[in-house]
>>> print(open('final25.csv').read())   # CSV, C-alpha atoms
chain,number,residue,atom,x,y,z
A,1,SER,CA,-3.3,-16.5,-8.6
A,2,TYR,CA,-2.6,-19.1,-11.2
A,3,GLU,CA,-5.7,-18.6,-13.2
A,4,GLU,CA,-5.2,-14.9,-13.4
A,5,ALA,CA,-1.6,-15.5,-14.6
A,6,ILE,CA,-2.9,-17.8,-17.2
A,7,ALA,CA,-5.7,-15.4,-18.2
A,8,GLU,CA,-3.1,-12.6,-18.5
A,9,LEU,CA,-0.8,-14.9,-20.5
A,10,GLN,CA,-3.7,-15.8,-22.8
A,11,THR,CA,-4.6,-12.1,-23.2
A,12,SER,CA,-1.0,-11.2,-23.9
A,13,CYS,CA,-0.7,-14.1,-26.4
A,14,SER,CA,-4.0,-13.1,-28.1
A,15,ILE,CA,-2.7,-9.5,-28.5
A,16,LYS,CA,0.6,-10.7,-29.9
A,17,ILE,CA,-1.3,-13.1,-32.2
A,18,GLU,CA,-3.5,-10.1,-33.4
A,19,GLU,CA,-0.4,-7.9,-33.9
A,20,ASN,CA,1.4,-10.6,-35.8
A,21,LYS,CA,-1.8,-11.2,-37.8
A,22,GLU,CA,-2.0,-7.5,-38.7
A,23,GLU,CA,1.7,-7.3,-39.5
A,24,SER,CA,1.3,-10.4,-41.7
A,25,ASN,CA,-1.8,-9.0,-43.4
A,26,THR,CA,0.1,-5.7,-44.0
A,27,GLU,CA,3.1,-7.6,-45.4
A,28,ILE,CA,0.8,-9.7,-47.6
A,29,LYS,CA,-0.9,-6.5,-48.9
A,30,ARG,CA,2.5,-5.0,-49.6
A,31,LEU,CA,3.6,-8.1,-51.4
A,32,HIS,CA,0.4,-8.2,-53.5
A,33,ASN,CA,1.0,-4.5,-54.4
A,34,GLU,CA,4.6,-5.3,-55.5
A,35,LEU,CA,3.3,-8.3,-57.4
A,36,SER,CA,0.8,-6.1,-59.2
A,37,LYS,CA,3.4,-3.6,-60.0
A,38,ALA,CA,5.8,-6.3,-61.3
A,39,ARG,CA,3.0,-7.7,-63.5
A,40,LEU,CA,2.4,-4.2,-64.9
A,41,VAL,CA,6.2,-3.9,-65.6
A,42,VAL,CA,6.3,-7.3,-67.2
A,43,ALA,CA,3.2,-6.5,-69.4
A,44,ARG,CA,4.8,-3.1,-70.4
A,45,VAL,CA,8.2,-4.8,-71.2
A,46,GLN,CA,6.4,-7.5,-73.2
A,47,HIS,CA,4.5,-4.8,-75.1
A,48,GLU,CA,7.7,-2.9,-75.8
A,49,MET,CA,9.4,-6.1,-77.0
A,50,VAL,CA,6.5,-6.9,-79.3
A,51,GLU,CA,6.7,-3.3,-80.8
A,52,GLU,CA,10.5,-3.7,-81.1
A,53,LYS,CA,10.1,-7.0,-82.8
A,54,GLN,CA,7.6,-5.6,-85.2
A,55,GLY,CA,9.8,-2.7,-86.0
A,56,LEU,CA,12.8,-5.0,-86.6
A,57,GLU,CA,10.6,-7.2,-88.8
A,58,LEU,CA,9.5,-4.2,-90.8
A,59,SER,CA,13.1,-3.0,-91.2
A,60,ILE,CA,14.1,-6.4,-92.4
A,61,ARG,CA,11.3,-6.5,-95.0
A,62,VAL,CA,12.2,-3.0,-96.2
A,63,ALA,CA,15.9,-3.9,-96.4
A,64,GLU,CA,15.1,-7.2,-98.3
A,65,LYS,CA,12.9,-5.3,-100.7
A,66,ALA,CA,15.7,-2.7,-101.3
A,67,ARG,CA,18.2,-5.5,-101.8
A,68,ASP,CA,15.9,-7.2,-104.3
A,69,ASP,CA,15.2,-3.9,-106.1
A,70,ALA,CA,18.9,-3.2,-106.2
A,71,THR,CA,19.7,-6.7,-107.5
A,72,GLN,CA,17.1,-6.3,-110.2
A,73,LYS,CA,18.4,-2.9,-111.3
A,74,LEU,CA,22.0,-4.2,-111.3
A,75,SER,CA,20.9,-7.2,-113.4
A,76,SER,CA,19.2,-4.9,-115.8
A,77,THR,CA,22.2,-2.6,-115.9
A,78,ILE,CA,24.5,-5.6,-116.6
A,79,GLU,CA,22.2,-6.8,-119.4
A,80,THR,CA,22.2,-3.3,-120.9
A,81,LEU,CA,26.0,-3.1,-120.6
A,82,GLN,CA,26.4,-6.4,-122.2
A,83,ALA,CA,24.2,-5.4,-125.1
A,84,THR,CA,26.0,-2.1,-125.4
A,85,CYS,CA,29.4,-3.9,-125.4
A,86,HIS,CA,28.2,-6.2,-128.1
A,87,SER,CA,26.9,-3.3,-130.2
A,88,ALA,CA,30.2,-1.5,-129.7
A,89,GLN,CA,32.2,-4.6,-130.8
A,90,SER,CA,30.0,-5.0,-133.9
A,91,ALA,CA,30.4,-1.3,-134.7
A,92,GLY,CA,34.2,-1.6,-134.2
A,93,GLU,CA,34.3,-4.6,-136.6
A,94,LYS,CA,32.2,-2.7,-139.1
A,95,LEU,CA,34.5,0.3,-138.8
A,96,ARG,CA,37.6,-1.8,-139.3
A,97,LYS,CA,36.1,-3.4,-142.4
A,98,THR,CA,35.1,0.1,-143.7
A,99,GLU,CA,38.6,1.4,-143.0
A,100,ASP,CA,40.1,-1.6,-144.9
A,101,LYS,CA,37.7,-1.0,-147.9
A,102,LEU,CA,38.6,2.7,-147.8
A,103,GLU,CA,42.3,1.9,-147.9
A,104,GLU,CA,41.7,-0.5,-150.9
A,105,LEU,CA,39.7,2.2,-152.6
A,106,MET,CA,42.4,4.8,-152.0
A,107,ALA,CA,45.0,2.4,-153.4
A,108,THR,CA,42.8,1.7,-156.4
A,109,THR,CA,42.2,5.4,-156.9
A,110,LYS,CA,45.9,6.2,-156.7
A,111,GLU,CA,46.6,3.4,-159.2
A,112,MET,CA,43.9,4.6,-161.5
A,113,GLU,CA,45.3,8.2,-161.2
A,114,GLU,CA,48.8,6.9,-162.1
A,115,GLN,CA,47.4,5.0,-165.1
A,116,SER,CA,45.4,8.0,-166.2
A,117,SER,CA,48.5,10.2,-165.9
A,118,LEU,CA,50.5,7.7,-168.0
A,119,GLN,CA,47.7,7.6,-170.5
A,120,GLN,CA,47.6,11.4,-170.7
A,121,GLN,CA,51.4,11.4,-171.2
A,122,ARG,CA,51.1,8.9,-174.1
A,123,VAL,CA,48.3,10.9,-175.6
A,124,GLU,CA,50.4,14.1,-175.4
A,125,LEU,CA,53.4,12.2,-176.9
A,126,LEU,CA,51.2,10.9,-179.7
A,127,GLN,CA,49.7,14.3,-180.3
A,128,LYS,CA,53.2,15.8,-180.5
A,129,LYS,CA,54.3,13.1,-183.0
A,130,LEU,CA,51.2,13.7,-185.1
A,131,ASP,CA,51.8,17.4,-185.0
A,132,ALA,CA,55.4,16.9,-185.9
A,133,GLU,CA,54.6,14.8,-189.0
>>> encode(input="final25.csv", output="structure tokens")
Amino acid sequence: SYEEAIAELQTSCSIKIEENKEESNTEIKRLHNELSKARLVVARVQHEMVEEKQGLELSIRVAEKARDDATQKLSSTIETLQATCHSAQSAGEKLRKTEDKLEELMATTKEMEEQSSLQQQRVELLQKKLDAE
């Protein structure tokens, strides 16, 4: 009969609806699980990114300090080299002046020796004349 067919159809539809509902619930649970896993992955990646960022920031600070230290050492070395060069220039000038004075002294000494030799020769000549008279 018509009512039995409708009842059968309703039963069949109810079963299909339940099956679809269960399949949908299963799919929803699966999607919730995937979402939870994805959230865990995102949290882990974010944590790794924070650690990486902190590591890079630390590396930058260390490199900046090393650069600043090297710059300070180089500046100090340059100042020392400039002072050393100035001292060397001063010493060089003093050495040249001393060499000039030494040359003058040697020339004066030679001149005095020549005059002394001439004086000695005169004395000897005078002495010979005196002895001869």
>>> atom_distance(input="final25.csv", atom1="CA of Leu56 in chain A", atom2="CA of Ser75 in chain A")
28.1 Å
>>> atom_distance(input="final25.csv", atom1="CA of Glu22 in chain A", atom2="CA of Gln10 in chain A")
18.0 Å
>>> atom_distance(input="final25.csv", atom1="CA of Lys73 in chain A", atom2="CA of Cys85 in chain A")
17.9 Å
